[in-house]
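entry-v9.tsv, holding TSV, C-alpha atoms:
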chain	number	residue	atom	x	y	z
A	1	LEU	CA	-107.98	-4.82	64.78
A	2	TRP	CA	-105.90	-2.30	62.83
A	3	ASN	CA	-108.48	-2.19	60.04
A	4	LEU	CA	-111.29	-1.64	62.52
A	5	ALA	CA	-109.40	1.10	64.33
A	6	TYR	CA	-108.51	2.91	61.12
A	7	ASP	CA	-112.08	2.88	59.83
A	8	CYS	CA	-112.71	6.09	61.77
A	9	VAL	CA	-110.14	7.81	59.54
A	10	LEU	CA	-111.64	6.48	56.31
A	11	ASP	CA	-115.15	7.49	57.40
A	12	ILE	CA	-114.28	11.19	57.66
A	13	ALA	CA	-115.29	11.85	54.05
A	14	GLU	CA	-118.18	9.37	54.06
A	15	ASP	CA	-120.86	12.08	53.73
A	16	ASP	CA	-119.02	14.05	51.02
A	17	ASP	CA	-119.56	12.64	47.54
A	18	SER	CA	-116.87	14.90	46.09
A	19	SER	CA	-114.13	13.68	48.44
A	20	ASN	CA	-112.54	10.37	49.26
A	21	ILE	CA	-109.94	8.95	51.63
A	22	LEU	CA	-107.87	5.94	50.63
A	23	CYS	CA	-105.41	4.01	52.71
A	24	TYR	CA	-102.78	1.41	51.93
A	25	ALA	CA	-100.53	0.27	54.79
A	26	ASP	CA	-99.22	3.52	56.31
A	27	ASP	CA	-99.96	5.67	53.23
A	28	THR	CA	-103.13	7.74	53.39
A	29	LEU	CA	-104.41	9.56	50.32
A	30	VAL	CA	-106.96	12.37	50.59
A	31	VAL	CA	-108.80	13.25	47.38
A	32	ALA	CA	-110.93	16.39	47.19
A	33	THR	CA	-112.71	17.69	44.08
A	34	GLY	CA	-114.64	20.85	43.24
A	35	ARG	CA	-115.39	23.49	40.62
A	36	SER	CA	-113.11	26.12	42.15
A	37	CYS	CA	-109.42	25.46	42.77
A	38	GLN	CA	-109.35	27.78	45.78
A	39	LEU	CA	-112.38	26.21	47.45
A	40	THR	CA	-111.16	22.71	46.62
A	41	CYS	CA	-107.79	23.46	48.23
A	42	LEU	CA	-109.55	24.79	51.32
A	43	LYS	CA	-111.72	21.67	51.54
A	44	ALA	CA	-108.68	19.43	51.05
A	45	SER	CA	-106.81	21.30	53.79
A	46	ILE	CA	-109.70	20.82	56.23
A	47	LEU	CA	-109.99	17.12	55.36
A	48	VAL	CA	-106.26	16.50	55.76
A	49	ASN	CA	-106.17	18.23	59.13
A	50	ARG	CA	-109.16	16.19	60.32
A	51	VAL	CA	-107.39	13.03	59.15
A	52	ILE	CA	-104.25	14.02	61.05
A	53	ASP	CA	-106.27	14.65	64.22
A	54	LYS	CA	-107.92	11.21	63.94
A	55	ILE	CA	-104.60	9.47	63.34
A	56	ARG	CA	-103.06	11.19	66.33
A	57	GLY	CA	-106.10	10.13	68.33
A	58	LEU	CA	-105.09	6.54	67.60
A	59	GLY	CA	-101.75	7.22	69.27
A	60	LEU	CA	-99.86	7.60	66.00
A	61	SER	CA	-97.78	10.47	64.68
A	62	VAL	CA	-97.87	12.05	61.23
A	63	ALA	CA	-94.80	13.41	59.42
A	64	THR	CA	-96.33	16.47	57.78
A	65	ASN	CA	-92.95	17.36	56.27
A	66	LYS	CA	-93.17	14.21	54.14
A	67	THR	CA	-96.63	15.03	52.83
A	68	GLU	CA	-96.95	15.53	49.07
A	69	ALA	CA	-99.70	17.43	47.26
A	70	ILE	CA	-100.74	17.75	43.64
A	71	LEU	CA	-103.40	19.95	42.04
A	72	PHE	CA	-105.25	18.75	38.94
A	73	HIS	CA	-106.84	21.59	37.00
A	74	ALA	CA	-108.16	22.67	33.62
A	75	LYS	CA	-105.69	23.74	30.95
A	76	ARG	CA	-106.60	27.43	31.06
A	77	ALA	CA	-107.12	27.73	34.80
A	78	GLU	CA	-105.79	30.99	36.25
A	79	GLY	CA	-104.79	32.15	39.72
A	80	LEU	CA	-103.85	28.67	40.85
A	81	PRO	CA	-102.74	28.30	44.47
A	82	SER	CA	-99.17	27.13	44.92
A	83	SER	CA	-99.54	25.35	48.25
A	84	ILE	CA	-101.91	23.86	50.78
A	85	SER	CA	-101.90	24.35	54.55
A	86	ILE	CA	-101.51	21.23	56.67
A	87	GLY	CA	-101.33	22.10	60.34
A	88	ASP	CA	-98.47	24.54	60.72
A	89	THR	CA	-96.85	23.40	57.47
A	90	LEU	CA	-97.28	24.76	53.96
A	91	VAL	CA	-97.01	21.95	51.42
A	92	ASN	CA	-96.22	23.12	47.90
A	93	PHE	CA	-98.05	21.53	44.99
A	94	GLN	CA	-95.78	19.30	42.93
A	95	PRO	CA	-95.94	18.59	39.17
A	96	SER	CA	-96.09	14.90	40.08
A	97	ILE	CA	-96.30	12.69	43.15
A	98	LYS	CA	-95.49	9.05	43.78
A	99	TYR	CA	-98.23	6.84	45.16
A	100	LEU	CA	-97.98	3.05	45.44
A	101	GLY	CA	-95.02	3.02	43.08
A	102	ILE	CA	-96.71	5.11	40.36
A	103	MET	CA	-95.64	8.64	39.47
A	104	ILE	CA	-98.85	10.60	38.85
A	105	ASP	CA	-98.43	13.92	37.05
A	106	VAL	CA	-100.77	16.87	36.66
A	107	LYS	CA	-101.55	16.12	33.01
A	108	TRP	CA	-101.92	12.34	33.49
A	109	THR	CA	-99.34	11.63	30.79
A	110	PHE	CA	-97.23	9.42	33.09
A	111	SER	CA	-94.11	10.83	31.43
A	112	ASP	CA	-92.52	11.35	34.86
A	113	HIS	CA	-93.31	7.75	35.71
A	114	PHE	CA	-91.60	6.43	32.58
A	115	ARG	CA	-88.55	8.59	33.26
A	116	TYR	CA	-88.49	7.22	36.79
A	117	VAL	CA	-88.79	3.63	35.53
A	118	ILE	CA	-86.07	4.14	32.93
A	119	SER	CA	-83.71	5.63	35.50
A	120	LYS	CA	-84.37	2.84	37.98
A	121	THR	CA	-84.01	0.11	35.38
A	122	GLU	CA	-80.76	1.60	34.07
A	123	ARG	CA	-79.37	1.40	37.60
A	124	VAL	CA	-80.47	-2.23	37.87
A	125	ALA	CA	-79.00	-3.03	34.46
A	126	ARG	CA	-75.68	-1.43	35.37
A	127	ALA	CA	-75.60	-3.32	38.65
A	128	LEU	CA	-76.32	-6.61	36.87
A	129	ASN	CA	-73.72	-5.94	34.22
A	130	LYS	CA	-71.14	-5.45	36.97
A	131	LEU	CA	-72.30	-8.42	39.03
A	132	MET	CA	-73.18	-11.22	36.64
A	133	PRO	CA	-69.88	-11.61	34.71
A	134	ASN	CA	-68.12	-12.31	38.02
A	135	LEU	CA	-70.42	-15.17	38.96
A	136	ARG	CA	-68.93	-18.56	38.18
A	137	GLY	CA	-72.17	-20.50	38.11
A	138	PRO	CA	-74.51	-19.10	35.40
A	139	ASP	CA	-73.49	-19.46	31.77
A	140	GLU	CA	-74.10	-16.72	29.21
A	141	ARG	CA	-77.65	-17.81	28.39
A	142	ARG	CA	-78.68	-17.78	32.05
A	143	ARG	CA	-77.12	-14.36	32.56
A	144	ARG	CA	-79.11	-12.96	29.65
A	145	LEU	CA	-82.28	-14.64	30.88
A	146	TYR	CA	-81.76	-13.20	34.37
A	147	LEU	CA	-81.35	-9.70	32.96
A	148	ASN	CA	-84.50	-10.04	30.84
A	149	VAL	CA	-86.55	-11.39	33.76
A	150	ARG	CA	-85.47	-8.47	35.95
A	151	GLY	CA	-86.99	-6.12	33.39
A	152	GLY	CA	-90.08	-8.21	32.72
A	153	ASN	CA	-92.50	-5.85	34.47
A	154	ILE	CA	-91.67	-2.95	32.16
A	155	CYS	CA	-93.37	-2.37	28.83
A	156	LEU	CA	-91.45	-3.87	25.92
A	157	GLU	CA	-90.82	-0.55	24.18
A	158	VAL	CA	-89.25	0.99	27.28
A	159	LEU	CA	-87.20	-2.13	27.98
A	160	LYS	CA	-85.94	-2.20	24.41
A	161	GLU	CA	-84.94	1.45	24.56
A	162	ILE	CA	-83.15	0.95	27.88
A	163	LYS	CA	-81.38	-2.16	26.66
A	164	GLU	CA	-80.18	-0.49	23.47
A	165	SER	CA	-78.99	2.59	25.34
A	166	GLU	CA	-77.16	0.61	28.01
A	167	THR	CA	-75.66	-1.79	25.48
A	168	HIS	CA	-74.31	1.09	23.41
A	169	ARG	CA	-72.88	2.80	26.49
A	170	ILE	CA	-71.24	-0.35	27.82
A	171	LEU	CA	-69.77	-1.39	24.47
A	172	THR	CA	-68.35	2.09	23.98
A	173	GLU	CA	-66.68	1.93	27.38
A	174	TRP	CA	-65.37	-1.58	26.74
A	175	ARG	CA	-63.99	-0.64	23.33
A	176	GLU	CA	-62.15	2.35	24.81
A	177	ILE	CA	-60.60	0.09	27.45
A	178	LEU	CA	-59.78	-2.77	25.09
A	179	GLU	CA	-58.20	-0.56	22.45
A	180	LYS	CA	-55.69	0.94	24.86
A	181	PRO	CA	-52.14	0.01	23.78
A	182	ASN	CA	-50.04	-2.42	25.80
A	183	ALA	CA	-53.08	-3.65	27.73
A	184	PRO	CA	-53.32	-7.33	28.77
A	185	GLY	CA	-55.03	-9.86	26.53
A	186	GLU	CA	-53.69	-8.72	23.15
A	187	TRP	CA	-54.27	-12.17	21.64
A	188	THR	CA	-57.93	-12.20	22.60
A	189	LYS	CA	-58.49	-8.57	21.65
A	190	LEU	CA	-57.11	-9.04	18.14
A	191	ALA	CA	-59.78	-11.67	17.50
A	192	LEU	CA	-62.78	-10.19	19.29
A	193	VAL	CA	-62.56	-6.39	19.38
A	194	PRO	CA	-63.17	-5.91	15.61
A	195	HIS	CA	-66.40	-7.90	16.06
A	196	LEU	CA	-67.30	-6.74	19.58
A	197	GLU	CA	-70.82	-5.50	18.82
A	198	ALA	CA	-71.74	-8.59	16.82
A	199	TRP	CA	-70.20	-10.85	19.48
A	200	MET	CA	-72.26	-9.32	22.27
A	201	ALA	CA	-75.44	-9.13	20.19
A	202	ARG	CA	-75.37	-12.73	18.96
A	203	GLU	CA	-78.47	-14.80	19.56
A	204	PRO	CA	-78.26	-17.31	22.44
A	205	ASP	CA	-78.90	-20.23	20.10
A	206	ILE	CA	-75.83	-19.38	17.98
A	207	GLY	CA	-73.49	-20.82	20.58
A	208	SER	CA	-71.82	-20.23	23.93
A	209	MET	CA	-68.24	-20.30	25.11
A	210	SER	CA	-66.98	-23.64	26.40
A	211	PHE	CA	-63.89	-24.31	28.50
A	212	HIS	CA	-61.78	-25.31	25.50
A	213	LEU	CA	-63.03	-22.50	23.26
A	214	THR	CA	-62.02	-20.06	25.97
A	215	GLN	CA	-58.53	-21.58	26.01
A	216	VAL	CA	-58.16	-21.10	22.26
A	217	PHE	CA	-59.38	-17.50	22.41
A	218	THR	CA	-56.99	-16.68	25.26
A	219	GLY	CA	-53.99	-18.77	24.17
A	220	HIS	CA	-54.04	-20.75	27.42
A	221	GLY	CA	-54.40	-24.44	28.20
A	222	CYS	CA	-52.38	-27.44	27.03
A	223	LEU	CA	-50.44	-25.48	24.43
A	224	ALA	CA	-46.68	-25.96	24.58
A	225	ASP	CA	-45.88	-22.27	24.05
A	226	PHE	CA	-48.13	-21.35	26.97
A	227	LEU	CA	-46.79	-24.15	29.20
A	228	LEU	CA	-43.25	-23.01	28.40
A	229	ARG	CA	-44.17	-19.45	29.32
A	230	ILE	CA	-45.45	-20.48	32.76
A	231	GLY	CA	-42.56	-22.85	33.43
A	232	LYS	CA	-44.36	-26.15	32.89
A	233	ARG	CA	-42.38	-27.21	29.81
A	234	THR	CA	-38.75	-27.04	28.73
A	235	ASP	CA	-39.60	-26.20	25.10
A	236	ALA	CA	-42.54	-25.21	22.90
A	237	SER	CA	-42.50	-28.19	20.55
A	238	CYS	CA	-45.71	-30.02	19.67
A	239	ASP	CA	-46.04	-33.47	21.24
A	240	PHE	CA	-47.44	-34.90	18.00
A	241	CYS	CA	-45.27	-33.46	15.23
A	242	GLY	CA	-42.38	-31.61	16.86
A	243	ASP	CA	-43.12	-28.19	15.34
A	244	GLU	CA	-43.59	-25.12	17.50
A	245	ASP	CA	-46.91	-25.42	19.27
A	246	GLY	CA	-49.57	-22.77	19.79
A	247	VAL	CA	-53.15	-21.90	18.92
A	248	TYR	CA	-52.52	-21.48	15.20
A	249	HIS	CA	-50.45	-24.65	15.10
A	250	VAL	CA	-53.49	-26.53	16.41
A	251	LEU	CA	-55.99	-24.73	14.19
A	252	ARG	CA	-54.02	-24.66	10.93
A	253	GLU	CA	-50.97	-26.90	10.90
A	254	CYS	CA	-50.65	-29.98	13.09
A	255	PRO	CA	-51.13	-33.07	10.87
A	256	LEU	CA	-52.79	-35.05	13.67
A	257	TRP	CA	-56.09	-33.31	12.92
A	258	ASP	CA	-55.74	-32.89	9.16
A	259	TRP	CA	-59.01	-34.64	8.32
A	260	GLN	CA	-61.01	-32.87	11.02
A	261	ARG	CA	-59.47	-29.59	9.89
A	262	ILE	CA	-60.53	-30.19	6.28
A	263	LEU	CA	-64.12	-30.75	7.37
A	264	MET	CA	-64.09	-27.71	9.64
A	265	LYS	CA	-62.59	-25.39	7.01
A	266	ARG	CA	-65.03	-26.69	4.40
A	267	GLN	CA	-67.97	-25.90	6.69
A	268	LEU	CA	-66.67	-22.44	7.60
A	269	LYS	CA	-65.26	-21.68	4.10
A	270	LEU	CA	-62.00	-20.45	5.61
A	271	PRO	CA	-58.88	-19.50	3.60
A	272	ARG	CA	-55.64	-21.44	4.04
A	273	ASP	CA	-53.95	-19.01	6.45
A	274	PHE	CA	-57.10	-17.98	8.30
A	275	THR	CA	-56.91	-16.00	11.51
A	276	LEU	CA	-58.93	-16.31	14.68
A	277	GLY	CA	-60.63	-13.08	13.66
A	278	ASP	CA	-61.75	-14.78	10.42
A	279	VAL	CA	-63.22	-17.59	12.49
A	280	VAL	CA	-65.12	-15.17	14.74
A	281	GLU	CA	-66.62	-13.38	11.76
A	282	VAL	CA	-67.91	-16.66	10.33
A	283	ILE	CA	-69.18	-18.44	13.44
A	284	LEU	CA	-71.18	-15.40	14.58
A	285	GLY	CA	-73.47	-15.85	11.61
A	286	SER	CA	-74.40	-19.49	11.93
A	287	ARG	CA	-75.06	-22.02	14.67
A	288	ALA	CA	-73.79	-24.78	12.38
A	289	ASP	CA	-70.50	-22.94	11.84
A	290	TRP	CA	-70.10	-22.29	15.57
A	291	LYS	CA	-70.81	-25.95	16.29
A	292	ALA	CA	-68.31	-27.14	13.65
A	293	PHE	CA	-65.51	-24.95	14.97
A	294	SER	CA	-66.33	-25.82	18.57
A	295	ALA	CA	-66.28	-29.55	17.78
A	296	PHE	CA	-62.84	-29.27	16.17
A	297	VAL	CA	-61.45	-27.31	19.13
A	298	GLU	CA	-62.95	-29.69	21.69
A	299	GLU	CA	-61.43	-32.76	20.04
A	300	ALA	CA	-58.01	-31.19	19.52
A	301	MET	CA	-57.72	-29.76	23.03
A	302	ARG	CA	-58.87	-33.02	24.62
A	303	ASP	CA	-56.21	-34.89	22.66
A	304	LYS	CA	-53.60	-32.42	23.88
A	305	GLU	CA	-54.79	-32.71	27.48
A	306	GLU	CA	-54.60	-36.48	27.34
A	307	GLU	CA	-51.07	-36.31	25.92
A	308	GLU	CA	-50.04	-33.85	28.62
A	309	ARG	CA	-51.39	-36.20	31.30
A	310	ARG	CA	-49.46	-39.05	29.69
A	311	ARG	CA	-46.28	-36.95	29.83
A	312	GLU	CA	-46.88	-36.20	33.50
A	313	ARG	CA	-47.42	-39.88	34.30
A	314	ALA	CA	-44.23	-40.73	32.43
A	315	GLY	CA	-42.34	-38.20	34.55
A	316	THR	CA	-41.14	-35.95	31.74
A	317	PRO	CA	-38.97	-33.30	33.47
A	318	SER	CA	-40.29	-29.76	33.71
A	319	THR	CA	-38.18	-26.63	33.47
A	320	SER	CA	-37.76	-26.43	37.24
A	321	ASP	CA	-36.70	-30.10	37.41
A	322	GLY	CA	-34.13	-29.53	34.70
A	323	ASP	CA	-32.72	-26.51	36.54
A	324	ASP	CA	-32.40	-28.52	39.76
A	325	GLU	CA	-30.49	-31.28	37.96
A	326	ALA	CA	-28.13	-28.75	36.38
A	327	GLU	CA	-27.31	-27.36	39.78
Whole structure, structure tokens version:
Amino acid sequence: LWNLAYDCVLDIAEDDDSSNILCYADDTLVVATGRSCQLTCLKASILVNRVIDKIRGLGLSVATNKTEAILFHAKRAEGLPSSISIGDTLVNFQPSIKYLGIMIDVKWTFSDHFRYVISKTERVARALNKLMPNLRGPDERRRRLYLNVRGGNICLEVLKEIKESETHRILTEWREILEKPNAPGEWTKLALVPHLEAWMAREPDIGSMSFHLTQVFTGHGCLADFLLRIGKRTDASCDFCGDEDGVYHVLRECPLWDWQRILMKRQLKLPRDFTLGDVVEVILGSRADWKAFSAFVEEAMRDKEEEERRRERAGTPSTSDGDDEAE
């Protein structure tokens, strides 16, 4: 019924081959052409006012203050009008207008449209960058896929430019924050910040962070020095050899994983007293290296978790228990 009722509006320019009226939902576009800009503007003004009268005849109202107008003309055209009269309102001609999501400019270069798309996509990218890292469900590969899909309707060149620009901006901001002195996470920052760009730009098939890898890179988990720090242990000695426990003790020293460590170091070509930063530099370049280091960490941390569970089942006193007994 709506289509039938609105036909009377679309038929206004039916007898004029140089004019056309298009409608999509509640957007009505009036197109008028001619050899003279002044006469064309006059014809367009008459057509628009007739359209408004018809629409009002259907019991609808028209917001003339929201009307946009654009004038296409030859390069050397002179004496161009600056506005068109619509009812009691003068509507100024704009260098570009938006119709059905497309920014159409006077020269048909679509430069305004690309600027609009870039601006909009940058806002989406910033929103995603703030939102996605706080979601517990998706892993890193799914986050990257989600970001790429959101930009899938934009030409590849524009998307690439936006991505590079946003990545550079975000990494610059992160580096400024991470390099502030006395900020939390010094252990993690020492390993990752020198390789921040490479870490963020690594290919998805290189490797992703697991639960145990995260523990090693943060110094948390079933490590005696960490458990002592949070009051879960009475000392920082290793359950397997008695030396002081910690990330580097697991990675470089504890004899329980000597053979696995030899294989891992041989694969990664690490020096004797390697650092976590050395590991990051190597594993970023090879999926095999990432997998070898990850396998070593997974086995070692699982062994430590099992030993910690055994200690808990055996009722080994914690720091708080020891304090209670002393009292």
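Of the residues under consideration (A:Gln267, A:Thr275, A:Cys238, A:Arg310), A:Thr275 shows the shortest atom-to-atom contact distance to Arg252 in chain A when counting all atoms listed in the file.
For Ser45 in chain A, the set of protein, DNA and RNA residues having any atom at most 7 Å away, when counting only C-alpha atoms and skipping those fewer than 4 positions along the same chain, is Cys41, Asn49, Ile84, Ser85 and Ile86 of chain A.
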Could you pull the residues within 10 Å of Leu213 in chain A, counting all atoms listed in the file, minus those fewer than 6 positions along the same chain, as a count of residues only? 8
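With only C-alpha atoms as the atoms that count, the minimum distance from Lys66 in chain A to the choices A:Arg115, A:His168, A:Lys98, A:His249 is reached by A:Lys98.
Summary of the local environment: counting only C-alpha atoms, residues at most 6 Å from Ala224 in chain A, other than itself and those fewer than 4 positions away along its chain, are Leu228, Ala236 and Asp245 of chain A.
Take CA of Thr218 in chain A and CA of Gly315 in chain A: the distance between them is 27.6 Å.
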Each side padded by 5 Å, which centre and which edge lengths in Å (one decimal) define the axis-aligned box around the listed atoms of range 257-271 of chain A? Give them as JSON.
{"center_x": -61.9, "center_y": -27.1, "center_z": 8.3, "size_x": 22.2, "size_y": 25.1, "size_z": 19.3}
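Using only C-alpha atoms, the smallest distance between any of A:Arg287, A:Arg309, A:Lys54, A:His73 and Thr40 in chain A comes from A:His73.
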For Arg50 in chain A, list every protein, DNA or RNA residue within 10 Å, evaluated using all atoms listed in the file, and leave out those in the same chain fewer than 4 positions away; present the list as a ChimeraX atom specification. /A:9,12-13,44-46,54-56,86-87
Take the structure in the block and write a file for range 258-274 of chain A, N, CA and C atoms, as a short mmCIF file (atom, residue, chain, number, x, y, z; two decimals), in the first residue's frame.
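Just written: part.cif:
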data_model
loop_
_atom_site.label_atom_id
_atom_site.label_comp_id
_atom_site.auth_asym_id
_atom_site.auth_seq_id
_atom_site.Cartn_x
_atom_site.Cartn_y
_atom_site.Cartn_z
N ASP A 258 66.59 -31.46 32.77
CA ASP A 258 67.86 -31.27 32.05
C ASP A 258 67.76 -31.73 30.60
N TRP A 259 67.22 -32.92 30.38
CA TRP A 259 67.18 -33.46 29.02
C TRP A 259 66.24 -32.63 28.13
N GLN A 260 65.07 -32.31 28.67
CA GLN A 260 64.14 -31.49 27.89
C GLN A 260 64.74 -30.11 27.59
N ARG A 261 65.50 -29.60 28.57
CA ARG A 261 66.13 -28.29 28.39
C ARG A 261 67.20 -28.34 27.29
N ILE A 262 67.95 -29.41 27.24
CA ILE A 262 68.97 -29.57 26.20
C ILE A 262 68.32 -29.53 24.81
N LEU A 263 67.22 -30.28 24.67
CA LEU A 263 66.53 -30.31 23.38
C LEU A 263 65.96 -28.94 23.02
N MET A 264 65.39 -28.27 24.01
CA MET A 264 64.80 -26.96 23.77
C MET A 264 65.88 -25.94 23.38
N LYS A 265 66.98 -25.91 24.11
CA LYS A 265 68.05 -24.95 23.82
C LYS A 265 68.70 -25.26 22.47
N ARG A 266 68.79 -26.53 22.13
CA ARG A 266 69.36 -26.89 20.83
C ARG A 266 68.46 -26.39 19.70
N GLN A 267 67.16 -26.52 19.88
CA GLN A 267 66.22 -26.05 18.85
C GLN A 267 66.27 -24.53 18.72
N LEU A 268 66.32 -23.83 19.85
CA LEU A 268 66.28 -22.37 19.84
C LEU A 268 67.66 -21.74 19.70
N LYS A 269 68.72 -22.56 19.82
CA LYS A 269 70.10 -22.05 19.74
C LYS A 269 70.34 -20.95 20.78
N LEU A 270 69.99 -21.25 22.01
CA LEU A 270 70.11 -20.27 23.09
C LEU A 270 71.46 -20.40 23.79
N PRO A 271 72.02 -19.28 24.29
CA PRO A 271 73.25 -19.35 25.08
C PRO A 271 72.98 -19.95 26.46
N ARG A 272 74.02 -20.20 27.21
CA ARG A 272 73.87 -20.85 28.51
C ARG A 272 72.99 -20.03 29.45
N ASP A 273 73.33 -18.77 29.65
CA ASP A 273 72.58 -17.91 30.57
C ASP A 273 71.59 -17.03 29.78
N PHE A 274 70.75 -17.67 29.01
CA PHE A 274 69.80 -16.92 28.19
C PHE A 274 68.76 -16.22 29.08
#
